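Containing TSV, N, CA and C atoms: final00.tsv.
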```tsv
chain	number	residue	atom	x	y	z
B	87	MET	N	-16.68	23.73	63.54
B	87	MET	CA	-15.61	23.29	62.66
B	87	MET	C	-15.83	21.84	62.30
B	88	PRO	N	-15.67	21.53	61.03
B	88	PRO	CA	-15.81	20.13	60.63
B	88	PRO	C	-14.64	19.32	61.13
B	89	LYS	N	-14.94	18.10	61.43
B	89	LYS	CA	-13.89	17.20	61.89
B	89	LYS	C	-13.06	16.76	60.70
B	90	SER	N	-11.78	16.66	60.90
B	90	SER	CA	-10.93	16.13	59.83
B	90	SER	C	-10.45	14.77	60.27
B	91	GLY	N	-10.59	13.86	59.41
B	91	GLY	CA	-10.19	12.50	59.69
B	91	GLY	C	-10.07	11.73	58.40
B	92	PRO	N	-9.74	10.47	58.47
B	92	PRO	CA	-9.53	9.69	57.26
B	92	PRO	C	-10.78	9.62	56.40
B	93	GLY	N	-11.97	9.66	56.97
B	93	GLY	CA	-13.19	9.54	56.18
B	93	GLY	C	-13.63	10.85	55.55
B	94	ASN	N	-13.14	11.98	56.02
B	94	ASN	CA	-13.57	13.28	55.52
B	94	ASN	C	-12.55	13.95	54.61
B	95	ARG	N	-11.48	13.29	54.29
B	95	ARG	CA	-10.41	13.90	53.50
B	95	ARG	C	-10.86	14.08	52.06
B	96	ALA	N	-10.56	15.23	51.44
B	96	ALA	CA	-10.91	15.48	50.04
B	96	ALA	C	-10.01	14.63	49.14
B	97	GLN	N	-10.63	14.10	48.09
B	97	GLN	CA	-9.90	13.23	47.17
B	97	GLN	C	-9.13	14.09	46.17
B	98	ARG	N	-7.86	13.78	46.00
B	98	ARG	CA	-7.01	14.51	45.07
B	98	ARG	C	-6.29	13.49	44.19
B	99	GLY	N	-6.10	13.83	42.91
B	99	GLY	CA	-5.36	12.95	42.01
B	99	GLY	C	-6.21	11.80	41.49
B	100	PHE	N	-5.53	10.82	40.93
B	100	PHE	CA	-6.19	9.66	40.34
B	100	PHE	C	-5.86	8.42	41.14
B	101	THR	N	-6.79	7.51	41.14
B	101	THR	CA	-6.51	6.23	41.80
B	101	THR	C	-5.74	5.37	40.81
B	102	LEU	N	-5.14	4.34	41.32
B	102	LEU	CA	-4.37	3.42	40.48
B	102	LEU	C	-5.28	2.75	39.45
B	103	ILE	N	-6.49	2.42	39.81
B	103	ILE	CA	-7.44	1.80	38.87
B	103	ILE	C	-7.75	2.75	37.72
B	104	GLU	N	-8.01	4.02	38.03
B	104	GLU	CA	-8.30	4.99	36.97
B	104	GLU	C	-7.12	5.15	36.02
B	105	LEU	N	-5.93	5.19	36.57
B	105	LEU	CA	-4.73	5.30	35.75
B	105	LEU	C	-4.55	4.08	34.86
B	106	MET	N	-4.80	2.89	35.38
B	106	MET	CA	-4.67	1.66	34.60
B	106	MET	C	-5.70	1.62	33.46
B	107	ILE	N	-6.92	2.08	33.72
B	107	ILE	CA	-7.96	2.10	32.69
B	107	ILE	C	-7.56	3.04	31.56
B	108	VAL	N	-7.02	4.21	31.91
B	108	VAL	CA	-6.58	5.16	30.89
B	108	VAL	C	-5.44	4.55	30.06
B	109	LEU	N	-4.50	3.89	30.71
B	109	LEU	CA	-3.39	3.26	29.99
B	109	LEU	C	-3.87	2.16	29.05
B	110	VAL	N	-4.85	1.37	29.47
B	110	VAL	CA	-5.40	0.33	28.61
B	110	VAL	C	-6.09	0.95	27.39
B	111	ILE	N	-6.83	2.01	27.60
B	111	ILE	CA	-7.51	2.68	26.48
B	111	ILE	C	-6.48	3.25	25.49
B	112	VAL	N	-5.45	3.88	26.00
B	112	VAL	CA	-4.40	4.43	25.13
B	112	VAL	C	-3.71	3.30	24.37
B	113	ALA	N	-3.42	2.19	25.03
B	113	ALA	CA	-2.77	1.06	24.36
B	113	ALA	C	-3.65	0.50	23.24
B	114	ILE	N	-4.94	0.43	23.46
B	114	ILE	CA	-5.85	-0.06	22.42
B	114	ILE	C	-5.86	0.90	21.22
B	115	LEU	N	-5.91	2.19	21.49
B	115	LEU	CA	-5.90	3.18	20.41
B	115	LEU	C	-4.60	3.11	19.61
B	116	VAL	N	-3.48	2.97	20.30
B	116	VAL	CA	-2.20	2.86	19.60
B	116	VAL	C	-2.15	1.55	18.80
B	117	GLY	N	-2.67	0.50	19.35
B	117	GLY	CA	-2.69	-0.79	18.66
B	117	GLY	C	-3.51	-0.76	17.38
B	118	VAL	N	-4.53	0.08	17.34
B	118	VAL	CA	-5.35	0.21	16.13
B	118	VAL	C	-4.72	1.21	15.16
B	119	ALA	N	-4.21	2.31	15.66
B	119	ALA	CA	-3.71	3.39	14.81
B	119	ALA	C	-2.36	3.10	14.18
B	120	LEU	N	-1.47	2.44	14.89
B	120	LEU	CA	-0.12	2.21	14.39
B	120	LEU	C	-0.09	1.37	13.11
B	121	PRO	N	-0.77	0.24	13.03
B	121	PRO	CA	-0.76	-0.51	11.77
B	121	PRO	C	-1.36	0.28	10.60
B	122	ALA	N	-2.39	1.05	10.86
B	122	ALA	CA	-2.99	1.87	9.80
B	122	ALA	C	-2.00	2.91	9.32
B	123	TYR	N	-1.28	3.51	10.23
B	123	TYR	CA	-0.25	4.50	9.87
B	123	TYR	C	0.86	3.86	9.06
B	124	GLN	N	1.33	2.70	9.49
B	124	GLN	CA	2.40	2.00	8.77
B	124	GLN	C	1.96	1.62	7.36
B	125	ASN	N	0.71	1.20	7.20
B	125	ASN	CA	0.20	0.87	5.86
B	125	ASN	C	0.16	2.11	4.98
B	126	GLN	N	-0.21	3.25	5.54
B	126	GLN	CA	-0.23	4.48	4.76
B	126	GLN	C	1.17	4.89	4.33
B	127	VAL	N	2.15	4.71	5.20
B	127	VAL	CA	3.54	5.02	4.85
B	127	VAL	C	4.00	4.12	3.71
B	128	ILE	N	3.68	2.84	3.77
B	128	ILE	CA	4.06	1.90	2.71
B	128	ILE	C	3.40	2.29	1.39
B	129	ARG	N	2.13	2.65	1.45
B	129	ARG	CA	1.43	3.06	0.22
B	129	ARG	C	2.02	4.35	-0.34
B	130	GLY	N	2.40	5.26	0.53
B	130	GLY	CA	3.04	6.50	0.08
B	130	GLY	C	4.38	6.24	-0.59
B	131	ASN	N	5.17	5.34	0.00
B	131	ASN	CA	6.45	4.97	-0.60
B	131	ASN	C	6.24	4.31	-1.96
B	132	ARG	N	5.23	3.46	-2.07
B	132	ARG	CA	4.93	2.81	-3.33
B	132	ARG	C	4.53	3.83	-4.39
B	133	ALA	N	3.70	4.80	-4.02
B	133	ALA	CA	3.28	5.84	-4.96
B	133	ALA	C	4.46	6.66	-5.45
B	134	ALA	N	5.40	6.96	-4.55
B	134	ALA	CA	6.61	7.70	-4.95
B	134	ALA	C	7.44	6.88	-5.93
B	135	ALA	N	7.57	5.59	-5.67
B	135	ALA	CA	8.33	4.72	-6.57
B	135	ALA	C	7.65	4.62	-7.93
B	136	GLN	N	6.34	4.52	-7.94
B	136	GLN	CA	5.61	4.45	-9.21
B	136	GLN	C	5.79	5.74	-10.01
B	137	ALA	N	5.81	6.88	-9.35
B	137	ALA	CA	6.03	8.14	-10.05
B	137	ALA	C	7.41	8.16	-10.71
B	138	VAL	N	8.42	7.65	-10.00
B	138	VAL	CA	9.77	7.58	-10.57
B	138	VAL	C	9.80	6.60	-11.74
B	139	MET	N	9.09	5.48	-11.60
B	139	MET	CA	9.04	4.51	-12.70
B	139	MET	C	8.39	5.13	-13.94
B	140	LEU	N	7.37	5.92	-13.75
B	140	LEU	CA	6.73	6.58	-14.89
B	140	LEU	C	7.65	7.63	-15.50
B	141	ASP	N	8.48	8.27	-14.68
B	141	ASP	CA	9.48	9.20	-15.20
B	141	ASP	C	10.50	8.44	-16.05
B	142	ILE	N	10.92	7.29	-15.57
B	142	ILE	CA	11.86	6.46	-16.35
B	142	ILE	C	11.22	6.05	-17.67
B	143	ALA	N	9.95	5.65	-17.63
B	143	ALA	CA	9.25	5.26	-18.86
B	143	ALA	C	9.18	6.43	-19.84
B	144	ASN	N	8.95	7.63	-19.34
B	144	ASN	CA	8.92	8.81	-20.19
B	144	ASN	C	10.28	9.05	-20.84
B	145	ARG	N	11.34	8.94	-20.04
B	145	ARG	CA	12.70	9.10	-20.58
B	145	ARG	C	13.01	8.02	-21.62
B	146	GLN	N	12.53	6.81	-21.35
B	146	GLN	CA	12.77	5.72	-22.31
B	146	GLN	C	12.06	6.01	-23.64
B	147	GLN	N	10.86	6.52	-23.58
B	147	GLN	CA	10.12	6.83	-24.82
B	147	GLN	C	10.81	7.96	-25.58
B	148	GLN	N	11.30	8.96	-24.88
B	148	GLN	CA	12.03	10.04	-25.54
B	148	GLN	C	13.30	9.52	-26.20
B	149	ARG	N	13.99	8.63	-25.51
B	149	ARG	CA	15.22	8.04	-26.07
B	149	ARG	C	14.87	7.19	-27.29
B	150	PHE	N	13.78	6.43	-27.21
B	150	PHE	CA	13.39	5.58	-28.33
B	150	PHE	C	13.05	6.42	-29.57
B	151	LEU	N	12.39	7.55	-29.37
B	151	LEU	CA	12.06	8.42	-30.51
B	151	LEU	C	13.30	9.03	-31.16
B	152	SER	N	14.30	9.32	-30.36
B	152	SER	CA	15.51	9.94	-30.93
B	152	SER	C	16.54	8.92	-31.41
B	153	ASP	N	16.70	7.79	-30.72
B	153	ASP	CA	17.77	6.85	-31.04
B	153	ASP	C	17.29	5.49	-31.54
B	154	ARG	N	15.98	5.27	-31.53
B	154	ARG	CA	15.40	3.97	-31.92
B	154	ARG	C	15.88	2.82	-31.05
B	155	SER	N	16.20	3.14	-29.78
B	155	SER	CA	16.58	2.10	-28.82
B	155	SER	C	16.27	2.61	-27.42
B	156	TYR	N	16.19	1.67	-26.48
B	156	TYR	CA	15.96	2.04	-25.08
B	156	TYR	C	17.29	2.05	-24.35
B	157	ALA	N	17.33	2.75	-23.23
B	157	ALA	CA	18.55	2.88	-22.43
B	157	ALA	C	18.58	1.86	-21.31
B	158	ASP	N	19.77	1.32	-21.05
B	158	ASP	CA	19.92	0.49	-19.86
B	158	ASP	C	20.18	1.42	-18.67
B	159	LYS	N	20.38	0.84	-17.50
B	159	LYS	CA	20.53	1.65	-16.29
B	159	LYS	C	21.76	2.57	-16.38
B	160	ALA	N	22.86	2.07	-16.91
B	160	ALA	CA	24.07	2.88	-17.02
B	160	ALA	C	23.86	4.07	-17.96
B	161	ALA	N	23.22	3.84	-19.09
B	161	ALA	CA	22.98	4.92	-20.04
B	161	ALA	C	21.99	5.93	-19.47
B	162	LEU	N	21.01	5.45	-18.74
B	162	LEU	CA	20.04	6.35	-18.12
B	162	LEU	C	20.72	7.23	-17.08
B	163	THR	N	21.59	6.64	-16.28
B	163	THR	CA	22.34	7.40	-15.27
B	163	THR	C	23.26	8.40	-15.95
B	164	ALA	N	23.91	8.00	-17.04
B	164	ALA	CA	24.81	8.90	-17.76
B	164	ALA	C	24.07	10.09	-18.37
B	165	SER	N	22.78	9.90	-18.65
B	165	SER	CA	22.00	10.99	-19.23
B	165	SER	C	21.51	11.97	-18.17
B	166	GLY	N	21.83	11.74	-16.91
B	166	GLY	CA	21.48	12.67	-15.85
B	166	GLY	C	20.41	12.18	-14.90
B	167	PHE	N	19.90	10.98	-15.09
B	167	PHE	CA	18.88	10.46	-14.19
B	167	PHE	C	19.52	10.02	-12.88
B	168	ALA	N	18.88	10.40	-11.78
B	168	ALA	CA	19.31	9.94	-10.45
B	168	ALA	C	18.05	9.58	-9.67
B	169	LEU	N	18.12	8.48	-8.98
B	169	LEU	CA	16.99	8.02	-8.17
B	169	LEU	C	16.81	8.96	-6.98
B	170	ASP	N	15.59	9.39	-6.74
B	170	ASP	CA	15.26	10.25	-5.62
B	170	ASP	C	15.70	9.59	-4.32
B	171	ALA	N	16.26	10.37	-3.39
B	171	ALA	CA	16.79	9.81	-2.15
B	171	ALA	C	15.72	9.10	-1.32
B	172	ASP	N	14.50	9.64	-1.28
B	172	ASP	CA	13.43	9.00	-0.52
B	172	ASP	C	13.07	7.64	-1.12
B	173	VAL	N	13.05	7.57	-2.44
B	173	VAL	CA	12.74	6.30	-3.10
B	173	VAL	C	13.91	5.33	-2.94
B	174	ALA	N	15.13	5.84	-3.02
B	174	ALA	CA	16.32	4.99	-2.91
B	174	ALA	C	16.42	4.32	-1.54
B	175	ARG	N	15.82	4.92	-0.50
B	175	ARG	CA	15.83	4.29	0.82
B	175	ARG	C	14.97	3.03	0.87
B	176	ASN	N	13.98	2.96	-0.03
B	176	ASN	CA	13.02	1.86	0.01
B	176	ASN	C	13.09	0.91	-1.18
B	177	TYR	N	13.77	1.31	-2.24
B	177	TYR	CA	13.82	0.49	-3.45
B	177	TYR	C	15.18	0.57	-4.12
B	178	THR	N	15.56	-0.53	-4.76
B	178	THR	CA	16.65	-0.52	-5.72
B	178	THR	C	16.00	-0.79	-7.07
B	179	TYR	N	16.66	-0.43	-8.15
B	179	TYR	CA	16.01	-0.63	-9.44
B	179	TYR	C	16.97	-1.22	-10.47
B	180	SER	N	16.37	-1.83	-11.47
B	180	SER	CA	17.13	-2.36	-12.60
B	180	SER	C	16.30	-2.18	-13.86
B	181	ILE	N	16.98	-2.17	-14.99
B	181	ILE	CA	16.32	-2.07	-16.29
B	181	ILE	C	16.83	-3.21	-17.14
B	182	ALA	N	15.91	-4.07	-17.57
B	182	ALA	CA	16.27	-5.20	-18.44
B	182	ALA	C	15.80	-4.86	-19.86
B	183	LEU	N	16.73	-4.89	-20.79
B	183	LEU	CA	16.39	-4.63	-22.19
B	183	LEU	C	16.09	-5.94	-22.90
B	184	GLY	N	15.07	-5.95	-23.75
B	184	GLY	CA	14.72	-7.14	-24.51
B	184	GLY	C	15.73	-7.40	-25.62
B	185	ALA	N	15.95	-8.67	-25.92
B	185	ALA	CA	16.96	-9.03	-26.92
B	185	ALA	C	16.34	-9.35	-28.28
B	186	GLY	N	15.03	-9.26	-28.41
B	186	GLY	CA	14.37	-9.61	-29.66
B	186	GLY	C	14.48	-8.51	-30.71
B	187	ALA	N	13.83	-8.76	-31.85
B	187	ALA	CA	13.83	-7.80	-32.95
B	187	ALA	C	13.07	-6.53	-32.59
B	188	VAL	N	12.07	-6.66	-31.75
B	188	VAL	CA	11.30	-5.50	-31.32
B	188	VAL	C	11.89	-5.00	-30.00
B	189	PRO	N	12.34	-3.75	-29.96
B	189	PRO	CA	12.92	-3.23	-28.72
B	189	PRO	C	11.91	-3.25	-27.56
B	190	SER	N	12.40	-3.59	-26.40
B	190	SER	CA	11.55	-3.63	-25.21
B	190	SER	C	12.41	-3.43	-23.97
B	191	TYR	N	11.74	-3.14	-22.88
B	191	TYR	CA	12.43	-3.01	-21.60
B	191	TYR	C	11.46	-3.34	-20.48
B	192	VAL	N	12.01	-3.69	-19.33
B	192	VAL	CA	11.24	-3.87	-18.11
B	192	VAL	C	12.02	-3.19	-16.98
B	193	VAL	N	11.36	-2.25	-16.32
B	193	VAL	CA	11.95	-1.58	-15.16
B	193	VAL	C	11.43	-2.31	-13.93
B	194	THR	N	12.34	-2.74	-13.07
B	194	THR	CA	11.97	-3.44	-11.84
B	194	THR	C	12.46	-2.66	-10.64
B	195	PHE	N	11.56	-2.36	-9.75
B	195	PHE	CA	11.90	-1.74	-8.48
B	195	PHE	C	11.77	-2.82	-7.41
B	196	THR	N	12.88	-3.14	-6.77
B	196	THR	CA	12.92	-4.17	-5.73
B	196	THR	C	12.82	-3.50	-4.37
B	197	ALA	N	11.78	-3.85	-3.64
B	197	ALA	CA	11.55	-3.25	-2.32
B	197	ALA	C	12.58	-3.75	-1.31
B	198	THR	N	13.05	-2.83	-0.47
B	198	THR	CA	14.03	-3.17	0.56
B	198	THR	C	13.55	-2.67	1.92
B	199	GLY	N	14.16	-3.17	2.96
B	199	GLY	CA	13.84	-2.71	4.31
B	199	GLY	C	12.39	-2.96	4.68
B	200	ARG	N	11.78	-1.98	5.33
B	200	ARG	CA	10.37	-2.12	5.76
B	200	ARG	C	9.41	-2.21	4.58
B	201	GLN	N	9.85	-1.70	3.43
B	201	GLN	CA	9.00	-1.71	2.24
B	201	GLN	C	8.94	-3.11	1.62
B	202	ALA	N	9.86	-4.00	2.00
B	202	ALA	CA	9.95	-5.33	1.38
B	202	ALA	C	8.66	-6.13	1.49
B	203	LYS	N	7.91	-5.94	2.57
B	203	LYS	CA	6.68	-6.72	2.71
B	203	LYS	C	5.62	-6.31	1.69
B	204	ASP	N	5.80	-5.13	1.06
B	204	ASP	CA	4.86	-4.68	0.03
B	204	ASP	C	5.15	-5.35	-1.32
B	205	GLY	N	6.37	-5.80	-1.53
B	205	GLY	CA	6.71	-6.50	-2.77
B	205	GLY	C	7.31	-5.58	-3.82
B	206	ASN	N	7.74	-6.20	-4.91
B	206	ASN	CA	8.41	-5.50	-6.00
B	206	ASN	C	7.41	-4.96	-7.01
B	207	LEU	N	7.87	-3.98	-7.79
B	207	LEU	CA	7.05	-3.38	-8.84
B	207	LEU	C	7.78	-3.48	-10.17
B	208	THR	N	7.05	-3.71	-11.25
B	208	THR	CA	7.65	-3.71	-12.58
B	208	THR	C	6.79	-2.86	-13.52
B	209	LEU	N	7.44	-2.34	-14.54
B	209	LEU	CA	6.76	-1.55	-15.57
B	209	LEU	C	7.47	-1.82	-16.89
B	210	ASN	N	6.70	-2.13	-17.95
B	210	ASN	CA	7.33	-2.41	-19.24
B	210	ASN	C	7.11	-1.28	-20.23
B	211	GLU	N	7.63	-1.46	-21.45
B	211	GLU	CA	7.57	-0.41	-22.47
B	211	GLU	C	6.14	-0.11	-22.93
B	212	GLN	N	5.23	-1.01	-22.67
B	212	GLN	CA	3.84	-0.79	-23.05
B	212	GLN	C	3.04	-0.09	-21.94
B	213	GLY	N	3.70	0.20	-20.84
B	213	GLY	CA	3.03	0.88	-19.74
B	213	GLY	C	2.28	-0.06	-18.81
B	214	VAL	N	2.55	-1.35	-18.92
B	214	VAL	CA	1.88	-2.34	-18.08
B	214	VAL	C	2.69	-2.52	-16.80
B	215	GLY	N	2.06	-2.22	-15.69
B	215	GLY	CA	2.71	-2.38	-14.39
B	215	GLY	C	2.19	-3.61	-13.68
B	216	THR	N	3.10	-4.30	-13.00
B	216	THR	CA	2.70	-5.47	-12.20
B	216	THR	C	3.31	-5.31	-10.81
B	217	PRO	N	2.66	-5.86	-9.81
B	217	PRO	CA	1.36	-6.51	-9.82
B	217	PRO	C	0.25	-5.48	-10.08
B	218	ALA	N	-0.71	-5.88	-10.86
B	218	ALA	CA	-1.76	-4.97	-11.33
B	218	ALA	C	-2.53	-4.32	-10.18
B	219	ALA	N	-2.76	-5.07	-9.11
B	219	ALA	CA	-3.53	-4.54	-7.98
B	219	ALA	C	-2.84	-3.33	-7.34
B	220	LYS	N	-1.52	-3.28	-7.40
B	220	LYS	CA	-0.79	-2.17	-6.79
B	220	LYS	C	-0.70	-0.98	-7.72
B	221	TRP	N	-0.96	-1.18	-8.99
B	221	TRP	CA	-0.95	-0.06	-9.94
B	221	TRP	C	-2.34	0.54	-10.11
B	222	ASP	N	-3.38	-0.17	-9.72
B	222	ASP	CA	-4.75	0.31	-9.89
B	222	ASP	C	-5.12	1.35	-8.85
B	223	ARG	N	-4.45	1.39	-7.74
B	223	ARG	CA	-4.83	2.29	-6.65
B	223	ARG	C	-4.36	3.69	-6.88
```
What would you get if you wrote out this structure as structure tokens?
Amino acid sequence: MPKSGPGNRAQRGFTLIELMIVLVIVAILVGVALPAYQNQVIRGNRAAAQAVMLDIANRQQQRFLSDRSYADKAALTASGFALDADVARNYTYSIALGAGAVPSYVVTFTATGRQAKDGNLTLNEQGVGTPAAKWDR
């Protein structure tokens, strides 16, 4: 029969050092993955807002063809437009109409909450979005 004693005992489980190494590795992976995930969420929110802005631009062009004028936010809302709930969580919007002889408008989406660090978006009647770098992607 083999002797049983402290030197012959079978090892079971993990040592504290092994557990600490695994925790450090997991922490490093989370530290790398979390910012990348957050950036993707911000980009996704921006893309959703841009889609809504393009929908507003389409509605504005339809209104211009029929009425020879653009709609302000109140008129747009009265015509049945409602901001998507997912976009509304991250942006508020306004529509500024130009006062010159040539009709114009600028739609501005102001980022709120966690989206605020991404900045605001604008789109005018000519289809020019600013900042340009955020519309090119």
Using DSSP assignments from the backbone, pull out every residue in chain B that falls under strand (DSSP E) and give it to me as JSON, numbers by chain.
{"B": [177, 178, 179, 180, 181, 182, 183, 191, 192, 193, 194, 195, 196, 197, 207, 208, 209, 210, 215, 216]}
Please provide the set of residues having any atom within 7 Å of stretch 203-206 of chain B, restricted to all atoms listed in the file, with same-chain residues fewer than 3 positions apart removed, written as a ChimeraX atom specification.
/B:194-200,216-217
As a check of understanding: the span from atom CA of B:Tyr123 to atom N of B:Ala202 is 15.4 Å
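Atom CA of B:Val138 lies 14.5 Å from atom CA of B:Glu211.
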When you count only N, CA and C atoms, which of these residues is closest to B:Leu207: B:Leu109, B:Ile114, B:Ala171, B:Val193?
B:Val193
Proximity check stretch 183-206 of chain B to stretch 155-167 of chain B, 7 Å, nearest pairs one decimal Å, all atoms listed in the file, as CSV:
```
residue,atom,partner,partner_atom,distance
B:Leu183,N,B:Asp158,CA,6.3
B:Pro189,CA,B:Tyr156,N,6.3
B:Ser190,N,B:Tyr156,N,6.5
```
May I ask for the distance between atom C of B:Ala218 and atom N of B:Arg175, given in Å to one decimal place?
22.7 Å
Could you give me, as an MDAnalysis selection string, each residue of chain B that DSSP assigns to alpha helix (DSSP H) when run on this structure's backbone?
chainID B and resid 102:153 159:164 171:174 218:221
Which of B:Ala134, B:Leu151, B:Leu209, B:Leu115 sits closest to B:Asp172 [using all atoms listed in the file]:
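Using all atoms listed in the file, B:Asp172 sits closest to B:Ala134.
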